[in-house]
Amino acid sequence: MHDLLPYLKHYRRHLGWVALGGLLGLLTLLAGVGLIALSGWFLSATAFAGLTVVSAKAFNFFHPGAMVRLLAILRTAGRYGERLTTHEATFRLLAELRVHTWQRLLPLAPSQLLRERGGELLGRLTSDIDALDNLYLRLLQPLGLALVGGMILSLALTWLDPQLALIAGGGYLLTAIASALVSLRGNRAGAAQTHAIAALRGRLLAGWEGFDELQVYGAWQRHTAALHAEQQQLLDAQGRECRLAGAATALIGAGAAITSLGALWHALGLWQSGTLDGPFLALVGLGTLAAFEALGPLVNAFAAYGRSHAAAQRLNALCDQPPTVSFPSQGARPMDSRLLLEKVQLRHGDSAPLFAPFDLDLVPGERVALAGPSGSGKSSLLAALVRDLDPSGGRITLGGLRLNQLDEATLRSHIALLTQQEPLFAASLRDNLLLTRPNLPDEQLLKLLDALGLGAWLANLPDGLDTWLGHQGERLSGGQARRIALGRLLLSPAPILLLDEPTEGLDRRTRNQLWAAIEPWLAGRSLIVASHQADDWAACTRTLRLAPAHTASIPT
Amino acid sequence: MSTPATPTQKPGRWLLQQAHPVRGALLLTLLAGWGGSLAFIAAAWLLARAIHAAFIEQVARDTLAAPLIGAALLLTLRGLLAWLRSESGFRAGAGVRQRLRTSLLDSLAQRDRQQRAALPAAALTSHWIEQVEALDGYYARYLPQMGLALLVPLSILVVVFPLNWASGVILLVTAPLIPLFMALVGMGAAALNRQNFRALARLGAYYQDRLRGLPSLRRLGLASAEAEGIAHAAEGFRQRTMAVLRIAFLSSAVLEFFASVAIAVLAVYLGMSYLGYLDFGHYGAPITLETGLFILLLAPEFYLPLRELGAYYHDRAAAVGAAEELMPLMNAPRRHGGHGVERVEGVQAVKLQGVSFSYAGASQTALDGIDLTLAPGERIAVVGASGAGKSTLLGLLLGQIQPEQGQLLLGELPLSELDPPSWHAQLGWLGQHPYLFHASLRDNLLLAAPGADDGALYAALAEAGLGQTIAALPQGLDTPLGEQGHGLSGGQLRRLALARALLKRPSLLLLDEPSAALDIDSEAELVAALSRLPATTGMLILTHRPAPLTLAERIVVLEGGRIVAQGQREELSDPDASITQALHREGLIHA
């Protein structure tokens, strides 16, 4: 439970909505039970009064009749209001959970965010937050209603007879506990489902990427058989959860039957001993039976609890990591944008150093190509320059200051990085380009897109710069997306640009045209280009080859 | 999805069709639900009778033990039937999902390379996992509930009418009004939904999108400011969704209203009849308390299936949404012609004779009158910019697509008449994204040759130039491969894939951009390993990099789906040869 506590405190800010939702839910529940119980009483009382003409005429049917109508209206309005307010609270809470989680993630280094395969972690985050959000609607509200409603109804019975209240309330509580114990066992089935879905996803993607070779190796059948086996595990886990929920439902049914008829049996005794009015027989029997409806939603509530709990554990494991890189809140200003690397060495965790220590003096306006075999640490070096990770040896200074003396805003305003997989955002083409430079006139964007070789493509877009990219938007080829991301970086005001394989996926002609065309945006800036394309090296003034850890780097 | 097929079918019909194989489970779900209601009707009668007997007839409590125990047993039976109902509902949903995943996988496997490339990984998993899951509620709950929403009220009417026609009329009159009101409310919500749909979809996807881009936003210095954007999108999402819900919840309010009002009206009608103010609805004999309580108990049960149907309505909405996405996938035209059964005998020449092919909806032909013969053991490089037709050529050779014109012969037999596995058995494959399991090196190699012993595996590794590297690993062949083959470099992984291809002793190696994204040293090692292969191993090398060209005896240049130049590699020493000129134009050799 304590995994969930950090999230529960968010409810405080929406206590008004939560309380209103709870009250309306309670009102609906009580009105519903009251309606059927009072109707039962009313029928019995009128039937008894109707046995003689005198008592029939004397019977005041006006008040109970009006009460019955009132309860009917209250139940309807209460249900509608409850659903609106609980959803209102849910969405408000969701907004807050999202922002809060975002802020918890902010200080983490990218390597901490992308620990798991294929960025699935960040994808799952959204559904994890939704699961936390569900906690209120699926667990807290029904649980609160079941407990408070049950208590109020038993108290109401005390007024008739304490022992009767004990029978009805006790049966209700026992049933609630028994069904909760059964459905709580569905927790593990919930976790198994998450696991099975992750396994399915991984295998499906692998099969899609390796489709041709699986076919050629005659292994596609084996692959699909494995997929089906994993699907079966998912279905088994779901089946277990369903079976437990079904058992809990059956338990509630049995509990309701035994309790309400037990209560009626006791009430019959009271009536025959003369301590209870006859019309209350129907009230007790029908009312108790109706009250058990409040337990129904609990069957799924505990499965929801299991999911929320697992989600909270995952979120906490992610968000509570101590950041591997931290920035001072108020840093000094660098003198200029000279980037100096002295005996720099990098390693990931405890692994061996990626390359031999080396020096690099990047004076403003200089362009250096970074070469070296795949896996030699080119991308990691660029990451260290924007402090995605810190060097394990040597020092990096910008304008005379060590990078870790700079506050984050200062570092970002000086050094910008184009990674190998730069995402575009679900926003218009214009907004994607203008992220760091709002208010740039459209002509400049058009000129830039032209230089990137995207002019013809843009001219064919009906919405032009307003074209929506990302989810539900225009589909881009890898090369197009890459060039838009490059354009976005070129517009950033940073005096130092780091480009990781900027022309990957472009053919040679396009590549060389691109370098010539973007020259106006590069003028005056320092550049480090990691690439294994000779054409990219040619666009730089010198080439630095990263050497394996045991030899020295040789500048050429 | 790149090409949403024209919807020839309504999603609702399609969903119903999928229910056919699980109709047994659906029927059982329906019967269990109906049985539960019948048990309740019987229990209600016993209960009403007991109260009547005790209160009006004033019989002793002990004589009522039997009917009350009977009622308790019937109510317990109802609980057990509810269990059966959810169990068989689950079976129905699981059955549909299982079948659908199988046939989706089949239909996906029929796609050619271009169609596969058009389906991004995220869309694939969303279709095959999430959207198929989204169908569950429709079969597990919604469909059986449709039947119950008719059967249960009807059964109750059949019981009530003979007892008291006025009560029957009260129930009967309200029942048809419910779907009517719900439809009106639902139409309003749907209209509102359509207006909001795009905005809602975008706002809903906003957070996920920004999360994926968080590292990038942070490097741009925009991440903390984005918290405001997230709050804003969530607020917009809340306002728009609540606007929809305010109307959508009206439909459940309508149900609730009728259920409540019917109870109230019945109570008042029966009460007034008892007091003698009303005198109609019965068949002569005055209404007893037993009848009144019985009818009153049945009233909530009358509306329950309808209310549940309303609650399951979002299951239907989710299923229809998923069906709209899944139908085009299932109905996508299958370009895959029928397979032949002829087995491939011995190593044969591959002949393309005037082969043309164009993709549906494309204005240009992907391949246009290609004539090309690959003699056994011959090594040909095919070069060309992306879009020149290289991938189409591969698709044809793998038998994934069939020529529109001309023919592709293996020896003297058209490829389409051959049994694909027997043809694939001769092929080796090395692409730019070698498929590797999260499993040991051994398991990855055994993919190509199940049952090969370690000696054979090491021999293949040695041929690929990896023998010593792997032998030096502490766990040797048992070394596990993680995501992206953790622990081995990109070049080593490519050679591991080569070793796997060699295990099959292929007579023809298909090399699809074998050195893409490798650095020059790794590329050189790979090419060296390939050049050491026995001369009997034919190769078809698709590339736009110069190094793999050294493997080829003959070079073919594709441009816009046509062969624009071809020649022997020796001709490259002549700067005026057409093949030299063409490669120069492609930027593969310098002047």
# chains A, B, ... in the order shown; residues from 1 in each chain; ligands from 1
>>> select_by_dssp(residues="region 114-218 of chain A", states="alpha helix (DSSP H)", output="PyMOL selection string")
chain A and resi 120-134+141-158+162-184+187-209+211-216
>>> write_last_selection(atoms="C-alpha atoms", output="PDB file, in the first residue's frame")
ATOM      1  CA  GLU A 120       8.577   0.470 -24.141  1.00  0.00           C
ATOM      2  CA  LEU A 121       9.004   1.874 -20.666  1.00  0.00           C
ATOM      3  CA  LEU A 122       7.911   5.348 -21.676  1.00  0.00           C
ATOM      4  CA  GLY A 123       5.076   3.889 -23.714  1.00  0.00           C
ATOM      5  CA  ARG A 124       3.823   1.940 -20.732  1.00  0.00           C
ATOM      6  CA  LEU A 125       4.111   4.945 -18.459  1.00  0.00           C
ATOM      7  CA  THR A 126       0.913   6.418 -19.842  1.00  0.00           C
ATOM      8  CA  SER A 127      -1.077   3.298 -19.091  1.00  0.00           C
ATOM      9  CA  ASP A 128       0.547   3.047 -15.675  1.00  0.00           C
ATOM     10  CA  ILE A 129      -0.637   6.539 -14.829  1.00  0.00           C
ATOM     11  CA  ASP A 130      -4.085   5.651 -16.136  1.00  0.00           C
ATOM     12  CA  ALA A 131      -4.045   2.625 -13.825  1.00  0.00           C
ATOM     13  CA  LEU A 132      -3.300   4.916 -10.882  1.00  0.00           C
ATOM     14  CA  ASP A 133      -6.053   7.201 -11.992  1.00  0.00           C
ATOM     15  CA  ASN A 134      -8.434   4.228 -12.052  1.00  0.00           C
ATOM     16  CA  GLN A 141     -15.283   5.026  -4.627  1.00  0.00           C
ATOM     17  CA  PRO A 142     -16.933   1.557  -4.686  1.00  0.00           C
ATOM     18  CA  LEU A 143     -15.065   0.436  -1.579  1.00  0.00           C
ATOM     19  CA  GLY A 144     -16.023   3.577   0.320  1.00  0.00           C
ATOM     20  CA  LEU A 145     -19.638   3.240  -0.787  1.00  0.00           C
ATOM     21  CA  ALA A 146     -19.814  -0.431   0.159  1.00  0.00           C
ATOM     22  CA  LEU A 147     -18.413   0.197   3.633  1.00  0.00           C
ATOM     23  CA  VAL A 148     -20.173   3.457   4.492  1.00  0.00           C
ATOM     24  CA  GLY A 149     -23.424   2.389   2.817  1.00  0.00           C
ATOM     25  CA  GLY A 150     -23.369  -0.930   4.642  1.00  0.00           C
ATOM     26  CA  MET A 151     -22.710   0.808   7.938  1.00  0.00           C
ATOM     27  CA  ILE A 152     -25.530   3.311   7.517  1.00  0.00           C
ATOM     28  CA  LEU A 153     -27.991   0.615   6.526  1.00  0.00           C
ATOM     29  CA  SER A 154     -27.086  -1.565   9.513  1.00  0.00           C
ATOM     30  CA  LEU A 155     -27.408   1.428  11.811  1.00  0.00           C
ATOM     31  CA  ALA A 156     -30.835   2.081  10.336  1.00  0.00           C
ATOM     32  CA  LEU A 157     -31.832  -1.482  11.227  1.00  0.00           C
ATOM     33  CA  THR A 158     -30.663  -0.940  14.818  1.00  0.00           C
ATOM     34  CA  PRO A 162     -30.155  -4.381  17.373  1.00  0.00           C
ATOM     35  CA  GLN A 163     -29.912  -8.104  16.848  1.00  0.00           C
ATOM     36  CA  LEU A 164     -31.439  -7.737  13.394  1.00  0.00           C
ATOM     37  CA  ALA A 165     -28.843  -5.093  12.569  1.00  0.00           C
ATOM     38  CA  LEU A 166     -26.122  -7.448  13.782  1.00  0.00           C
ATOM     39  CA  ILE A 167     -27.335 -10.262  11.531  1.00  0.00           C
ATOM     40  CA  ALA A 168     -27.706  -8.070   8.432  1.00  0.00           C
ATOM     41  CA  GLY A 169     -24.573  -5.980   9.043  1.00  0.00           C
ATOM     42  CA  GLY A 170     -22.489  -8.991  10.019  1.00  0.00           C
ATOM     43  CA  GLY A 171     -23.541 -11.001   6.985  1.00  0.00           C
ATOM     44  CA  TYR A 172     -22.849  -8.021   4.774  1.00  0.00           C
ATOM     45  CA  LEU A 173     -19.385  -7.496   6.237  1.00  0.00           C
ATOM     46  CA  LEU A 174     -18.478 -11.194   6.133  1.00  0.00           C
ATOM     47  CA  THR A 175     -19.581 -11.411   2.520  1.00  0.00           C
ATOM     48  CA  ALA A 176     -17.556  -8.322   1.658  1.00  0.00           C
ATOM     49  CA  ILE A 177     -14.445  -9.757   3.320  1.00  0.00           C
ATOM     50  CA  ALA A 178     -14.828 -13.211   1.793  1.00  0.00           C
ATOM     51  CA  SER A 179     -15.348 -11.884  -1.717  1.00  0.00           C
ATOM     52  CA  ALA A 180     -12.458  -9.456  -1.277  1.00  0.00           C
ATOM     53  CA  LEU A 181     -10.155 -12.282  -0.187  1.00  0.00           C
ATOM     54  CA  VAL A 182     -11.089 -14.282  -3.246  1.00  0.00           C
ATOM     55  CA  SER A 183     -10.774 -11.458  -5.750  1.00  0.00           C
ATOM     56  CA  LEU A 184      -7.544 -10.190  -4.164  1.00  0.00           C
ATOM     57  CA  ASN A 187      -3.478  -9.756  -8.177  1.00  0.00           C
ATOM     58  CA  ARG A 188      -0.867 -12.145  -9.366  1.00  0.00           C
ATOM     59  CA  ALA A 189      -2.906 -12.942 -12.465  1.00  0.00           C
ATOM     60  CA  GLY A 190      -2.861  -9.209 -13.216  1.00  0.00           C
ATOM     61  CA  ALA A 191       0.916  -9.068 -13.011  1.00  0.00           C
ATOM     62  CA  ALA A 192       1.189 -12.183 -15.179  1.00  0.00           C
ATOM     63  CA  GLN A 193      -0.874 -10.436 -17.845  1.00  0.00           C
ATOM     64  CA  THR A 194       1.450  -7.449 -17.943  1.00  0.00           C
ATOM     65  CA  HIS A 195       4.346  -9.829 -18.272  1.00  0.00           C
ATOM     66  CA  ALA A 196       2.729 -11.859 -21.023  1.00  0.00           C
ATOM     67  CA  ILE A 197       1.850  -8.767 -23.032  1.00  0.00           C
ATOM     68  CA  ALA A 198       5.433  -7.518 -22.860  1.00  0.00           C
ATOM     69  CA  ALA A 199       6.696 -10.906 -24.054  1.00  0.00           C
ATOM     70  CA  LEU A 200       4.178 -10.967 -26.899  1.00  0.00           C
ATOM     71  CA  ARG A 201       5.146  -7.480 -27.987  1.00  0.00           C
ATOM     72  CA  GLY A 202       8.852  -8.293 -28.040  1.00  0.00           C
ATOM     73  CA  ARG A 203       8.443 -11.466 -30.049  1.00  0.00           C
ATOM     74  CA  LEU A 204       6.003  -9.915 -32.484  1.00  0.00           C
ATOM     75  CA  LEU A 205       8.364  -7.034 -33.241  1.00  0.00           C
ATOM     76  CA  ALA A 206      11.337  -9.340 -33.644  1.00  0.00           C
ATOM     77  CA  GLY A 207       9.371 -11.473 -36.069  1.00  0.00           C
ATOM     78  CA  TRP A 208       8.328  -8.422 -38.076  1.00  0.00           C
ATOM     79  CA  GLU A 209      11.864  -7.134 -38.365  1.00  0.00           C
ATOM     80  CA  PHE A 211      10.374 -11.654 -41.320  1.00  0.00           C
ATOM     81  CA  ASP A 212      12.337 -12.330 -44.492  1.00  0.00           C
ATOM     82  CA  GLU A 213      14.982 -14.435 -42.829  1.00  0.00           C
ATOM     83  CA  LEU A 214      12.433 -16.357 -40.753  1.00  0.00           C
ATOM     84  CA  GLN A 215      10.769 -17.241 -44.050  1.00  0.00           C
ATOM     85  CA  VAL A 216      13.980 -18.186 -45.745  1.00  0.00           C
TER      86      VAL A 216
END
>>> interface_residues(of="chain B", to="chain A", cutoff="6 Å", atoms="only C-alpha atoms", output="PDB file with N, CA and C atoms, in the first residue's frame")
ATOM      1  N   PHE B  55     -47.515 -12.605   7.313  1.00  0.00           N
ATOM      2  CA  PHE B  55     -48.144 -11.349   7.707  1.00  0.00           C
ATOM      3  C   PHE B  55     -49.659 -11.403   7.561  1.00  0.00           C
ATOM      4  N   ALA B  72     -33.280 -19.105  -0.576  1.00  0.00           N
ATOM      5  CA  ALA B  72     -31.829 -18.887  -0.396  1.00  0.00           C
ATOM      6  C   ALA B  72     -31.038 -19.734  -1.386  1.00  0.00           C
ATOM      7  N   LEU B  75     -31.301 -18.205  -4.848  1.00  0.00           N
ATOM      8  CA  LEU B  75     -30.479 -17.005  -4.992  1.00  0.00           C
ATOM      9  C   LEU B  75     -29.004 -17.373  -5.089  1.00  0.00           C
ATOM     10  N   THR B  76     -28.609 -18.436  -4.341  1.00  0.00           N
ATOM     11  CA  THR B  76     -27.227 -18.905  -4.448  1.00  0.00           C
ATOM     12  C   THR B  76     -26.964 -19.480  -5.837  1.00  0.00           C
ATOM     13  N   GLY B  79     -26.159 -16.813  -8.168  1.00  0.00           N
ATOM     14  CA  GLY B  79     -24.763 -16.390  -8.069  1.00  0.00           C
ATOM     15  C   GLY B  79     -23.845 -17.329  -8.843  1.00  0.00           C
ATOM     16  N   LEU B  80     -24.102 -18.645  -8.695  1.00  0.00           N
ATOM     17  CA  LEU B  80     -23.275 -19.622  -9.408  1.00  0.00           C
ATOM     18  C   LEU B  80     -23.443 -19.497 -10.913  1.00  0.00           C
ATOM     19  N   TRP B  83     -21.441 -16.803 -12.226  1.00  0.00           N
ATOM     20  CA  TRP B  83     -20.061 -17.240 -12.394  1.00  0.00           C
ATOM     21  C   TRP B  83     -19.895 -17.957 -13.740  1.00  0.00           C
ATOM     22  N   GLY B 213       9.508  11.974 -26.348  1.00  0.00           N
ATOM     23  CA  GLY B 213      10.482  12.988 -26.741  1.00  0.00           C
ATOM     24  C   GLY B 213      11.131  13.676 -25.563  1.00  0.00           C
ATOM     25  N   PRO B 215      13.760  13.101 -23.515  1.00  0.00           N
ATOM     26  CA  PRO B 215      15.195  13.401 -23.548  1.00  0.00           C
ATOM     27  C   PRO B 215      15.515  14.504 -24.549  1.00  0.00           C
ATOM     28  N   GLY B 221      16.341  22.219 -23.958  1.00  0.00           N
ATOM     29  CA  GLY B 221      16.090  23.180 -22.886  1.00  0.00           C
ATOM     30  C   GLY B 221      14.624  23.492 -22.707  1.00  0.00           C
ATOM     31  N   ALA B 227       5.873  21.073 -19.010  1.00  0.00           N
ATOM     32  CA  ALA B 227       4.893  20.690 -17.988  1.00  0.00           C
ATOM     33  C   ALA B 227       3.604  21.491 -18.178  1.00  0.00           C
ATOM     34  N   ALA B 231      -0.135  20.094 -18.896  1.00  0.00           N
ATOM     35  CA  ALA B 231      -1.297  20.484 -18.092  1.00  0.00           C
ATOM     36  C   ALA B 231      -2.397  21.046 -18.984  1.00  0.00           C
ATOM     37  N   ALA B 234      -4.058  18.256 -20.961  1.00  0.00           N
ATOM     38  CA  ALA B 234      -4.904  17.442 -20.087  1.00  0.00           C
ATOM     39  C   ALA B 234      -6.188  18.199 -19.745  1.00  0.00           C
ATOM     40  N   ARG B 238      -9.920  17.106 -20.651  1.00  0.00           N
ATOM     41  CA  ARG B 238     -10.975  16.991 -19.641  1.00  0.00           C
ATOM     42  C   ARG B 238     -12.231  17.740 -20.089  1.00  0.00           C
ATOM     43  N   ALA B 253     -28.795   7.591 -17.352  1.00  0.00           N
ATOM     44  CA  ALA B 253     -29.764   8.244 -16.462  1.00  0.00           C
ATOM     45  C   ALA B 253     -31.188   7.893 -16.887  1.00  0.00           C
ATOM     46  N   GLU B 256     -31.911   4.485 -15.591  1.00  0.00           N
ATOM     47  CA  GLU B 256     -32.075   4.571 -14.151  1.00  0.00           C
ATOM     48  C   GLU B 256     -33.449   5.152 -13.820  1.00  0.00           C
ATOM     49  N   PHE B 257     -33.812   6.168 -14.588  1.00  0.00           N
ATOM     50  CA  PHE B 257     -35.075   6.860 -14.358  1.00  0.00           C
ATOM     51  C   PHE B 257     -36.257   5.908 -14.543  1.00  0.00           C
ATOM     52  N   SER B 260     -36.408   3.301 -11.773  1.00  0.00           N
ATOM     53  CA  SER B 260     -36.882   3.842 -10.502  1.00  0.00           C
ATOM     54  C   SER B 260     -38.357   4.187 -10.560  1.00  0.00           C
ATOM     55  N   VAL B 261     -38.725   4.853 -11.649  1.00  0.00           N
ATOM     56  CA  VAL B 261     -40.111   5.318 -11.748  1.00  0.00           C
ATOM     57  C   VAL B 261     -41.075   4.138 -11.833  1.00  0.00           C
ATOM     58  N   ALA B 264     -41.692   2.942  -8.443  1.00  0.00           N
ATOM     59  CA  ALA B 264     -42.559   3.883  -7.728  1.00  0.00           C
ATOM     60  C   ALA B 264     -43.995   3.769  -8.213  1.00  0.00           C
ATOM     61  N   ALA B 267     -45.542   0.537  -7.039  1.00  0.00           N
ATOM     62  CA  ALA B 267     -45.823   0.577  -5.609  1.00  0.00           C
ATOM     63  C   ALA B 267     -47.090   1.375  -5.349  1.00  0.00           C
ATOM     64  N   GLY B 271     -50.482  -0.217  -3.993  1.00  0.00           N
ATOM     65  CA  GLY B 271     -50.936   0.290  -2.706  1.00  0.00           C
ATOM     66  C   GLY B 271     -52.348   0.837  -2.794  1.00  0.00           C
ATOM     67  N   TYR B 274     -54.789  -1.939  -3.072  1.00  0.00           N
ATOM     68  CA  TYR B 274     -55.067  -2.576  -1.785  1.00  0.00           C
ATOM     69  C   TYR B 274     -56.050  -1.749  -0.977  1.00  0.00           C
ATOM     70  N   LEU B 275     -55.869  -0.409  -1.021  1.00  0.00           N
ATOM     71  CA  LEU B 275     -56.729   0.467  -0.210  1.00  0.00           C
ATOM     72  C   LEU B 275     -58.100   0.639  -0.840  1.00  0.00           C
ATOM     73  N   LEU B 289     -51.192  -9.616  -1.284  1.00  0.00           N
ATOM     74  CA  LEU B 289     -49.866  -9.079  -0.976  1.00  0.00           C
ATOM     75  C   LEU B 289     -48.801  -9.893  -1.683  1.00  0.00           C
ATOM     76  N   HIS B 424      13.188 -22.019 -50.665  1.00  0.00           N
ATOM     77  CA  HIS B 424      13.843 -21.276 -49.584  1.00  0.00           C
ATOM     78  C   HIS B 424      15.009 -22.063 -49.006  1.00  0.00           C
ATOM     79  N   TRP B 429      20.301 -15.775 -46.312  1.00  0.00           N
ATOM     80  CA  TRP B 429      19.802 -14.407 -46.253  1.00  0.00           C
ATOM     81  C   TRP B 429      20.630 -13.603 -45.280  1.00  0.00           C
ATOM     82  N   TYR B 435      17.757 -10.759 -37.682  1.00  0.00           N
ATOM     83  CA  TYR B 435      16.824 -11.072 -36.605  1.00  0.00           C
ATOM     84  C   TYR B 435      17.537 -11.936 -35.575  1.00  0.00           C
ATOM     85  N   ALA B 448      18.648 -21.586 -38.198  1.00  0.00           N
ATOM     86  CA  ALA B 448      18.808 -21.945 -39.604  1.00  0.00           C
ATOM     87  C   ALA B 448      18.991 -23.445 -39.779  1.00  0.00           C
ATOM     88  N   ASP B 519      30.594   0.635 -39.888  1.00  0.00           N
ATOM     89  CA  ASP B 519      31.734   1.496 -40.192  1.00  0.00           C
ATOM     90  C   ASP B 519      32.637   0.771 -41.186  1.00  0.00           C
TER      91      ASP B 519
END
>>> atom_distance(atom1="CA of Asp407 (chain A)", atom2="CA of Gln330 (chain A)")
5.6 Å
>>> residues_around(residues="region 323-326 of chain B", least_positions_apart="2", cutoff="9 Å", atoms="only C-alpha atoms", output="list in words")
Met1, Pro4, Pro7, Lys10, Pro11, Gly12, Trp14, Leu15, Leu104, His127, Trp128, Gln131, Val132, Leu135, Ala318, Ala319, Val320, Gly321, Pro328, Leu329, Met330 and Asn331 of chain B
>>> write_last_selection(atoms="N, CA and C atoms", output="compact mmCIF listing (two decimals), in the first residue's frame")
# COMPACT_ATOMS: atom_id res chain seq x y z
N MET B 1 -1.91 3.03 -40.64
CA MET B 1 -2.10 2.17 -41.81
C MET B 1 -1.98 3.01 -43.07
N PRO B 4 -5.99 2.54 -46.11
CA PRO B 4 -7.24 2.04 -45.55
C PRO B 4 -8.12 1.54 -46.70
N PRO B 7 -14.21 0.75 -47.12
CA PRO B 7 -15.03 -0.07 -46.23
C PRO B 7 -16.21 -0.66 -47.00
N LYS B 10 -19.78 -2.95 -42.94
CA LYS B 10 -19.91 -2.19 -41.70
C LYS B 10 -19.17 -2.94 -40.59
N PRO B 11 -18.52 -2.21 -39.68
CA PRO B 11 -17.80 -2.88 -38.60
C PRO B 11 -18.72 -3.79 -37.78
N GLY B 12 -19.97 -3.36 -37.59
CA GLY B 12 -20.89 -4.16 -36.80
C GLY B 12 -21.09 -5.55 -37.40
N TRP B 14 -19.06 -7.10 -39.45
CA TRP B 14 -17.80 -7.81 -39.37
C TRP B 14 -17.63 -8.44 -37.99
N LEU B 15 -17.98 -7.65 -36.96
CA LEU B 15 -17.86 -8.14 -35.59
C LEU B 15 -18.75 -9.36 -35.38
N LEU B 104 -4.92 -12.81 -38.44
CA LEU B 104 -4.19 -11.55 -38.68
C LEU B 104 -2.74 -11.85 -39.02
N HIS B 127 -2.19 -3.02 -33.32
CA HIS B 127 -3.23 -3.82 -33.98
C HIS B 127 -3.34 -5.20 -33.36
N TRP B 128 -2.19 -5.86 -33.33
CA TRP B 128 -2.21 -7.29 -33.02
C TRP B 128 -2.43 -7.56 -31.54
N GLN B 131 -5.60 -3.78 -30.03
CA GLN B 131 -6.91 -3.70 -30.67
C GLN B 131 -7.65 -5.03 -30.63
N VAL B 132 -6.92 -6.11 -30.74
CA VAL B 132 -7.59 -7.40 -30.61
C VAL B 132 -8.12 -7.57 -29.19
N LEU B 135 -11.50 -6.09 -28.48
CA LEU B 135 -12.70 -6.77 -28.96
C LEU B 135 -13.35 -7.62 -27.88
N ALA B 318 -15.72 0.36 -28.14
CA ALA B 318 -14.29 0.03 -28.25
C ALA B 318 -14.07 -1.00 -29.36
N ALA B 319 -14.98 -1.99 -29.43
CA ALA B 319 -14.83 -3.05 -30.43
C ALA B 319 -15.02 -2.49 -31.84
N VAL B 320 -16.00 -1.61 -32.00
CA VAL B 320 -16.22 -1.03 -33.33
C VAL B 320 -15.01 -0.21 -33.75
N GLY B 321 -14.47 0.56 -32.79
CA GLY B 321 -13.27 1.34 -33.08
C GLY B 321 -12.13 0.45 -33.53
N PRO B 328 -9.39 -3.33 -42.46
CA PRO B 328 -8.54 -3.15 -43.64
C PRO B 328 -7.33 -4.08 -43.63
N LEU B 329 -6.84 -4.41 -42.45
CA LEU B 329 -5.69 -5.32 -42.37
C LEU B 329 -6.08 -6.71 -42.86
N MET B 330 -7.27 -7.15 -42.42
CA MET B 330 -7.71 -8.49 -42.78
C MET B 330 -8.11 -8.55 -44.24
N ASN B 331 -8.71 -7.45 -44.71
CA ASN B 331 -9.23 -7.47 -46.07
C ASN B 331 -8.24 -6.99 -47.10
>>> closest_residue(among="B:Gln58, B:Asn164, B:Gln17, B:Gln208", to="Ala233 (chain B)", atoms="only C-alpha atoms")
B:Gln208
>>> closest_atom_pairs(of="region 19-93 of chain B", to="region 145-156 of chain B", cutoff="10 Å", atoms="only C-alpha atoms", output="JSON lines")
{"residue": "B:Leu26", "atom": "CA", "partner": "B:Gln145", "partner_atom": "CA", "distance": 9.8}
{"residue": "B:Leu27", "atom": "CA", "partner": "B:Gly147", "partner_atom": "CA", "distance": 9.2}
{"residue": "B:Thr29", "atom": "CA", "partner": "B:Gln145", "partner_atom": "CA", "distance": 8.8}
{"residue": "B:Leu30", "atom": "CA", "partner": "B:Leu148", "partner_atom": "CA", "distance": 6.4}
{"residue": "B:Leu31", "atom": "CA", "partner": "B:Leu148", "partner_atom": "CA", "distance": 8.6}
{"residue": "B:Ala32", "atom": "CA", "partner": "B:Leu148", "partner_atom": "CA", "distance": 9.8}
{"residue": "B:Gly33", "atom": "CA", "partner": "B:Leu148", "partner_atom": "CA", "distance": 6.9}
{"residue": "B:Trp34", "atom": "CA", "partner": "B:Val152", "partner_atom": "CA", "distance": 6.3}
{"residue": "B:Gly35", "atom": "CA", "partner": "B:Val152", "partner_atom": "CA", "distance": 9.4}
{"residue": "B:Gly36", "atom": "CA", "partner": "B:Val152", "partner_atom": "CA", "distance": 9.7}
{"residue": "B:Ser37", "atom": "CA", "partner": "B:Val152", "partner_atom": "CA", "distance": 6.7}
{"residue": "B:Leu38", "atom": "CA", "partner": "B:Ser155", "partner_atom": "CA", "distance": 8.0}
{"residue": "B:Ile41", "atom": "CA", "partner": "B:Ile156", "partner_atom": "CA", "distance": 7.8}
>>> select_by_dssp(residues="region 191-403 of chain B", states="strand (DSSP E)", output="NGL selection string")
:B and (350-357 or 367-374 or 379-383)
>>> residues_around(residues="Asp443 (chain B)", least_positions_apart="2", cutoff="12 Å", atoms="only C-alpha atoms", output="JSON, numbers by chain")
{"B": [436, 437, 438, 439, 440, 441, 445, 446, 447, 448, 449, 450, 451, 452, 453, 454, 457, 477, 478, 479, 480, 481, 496, 500]}
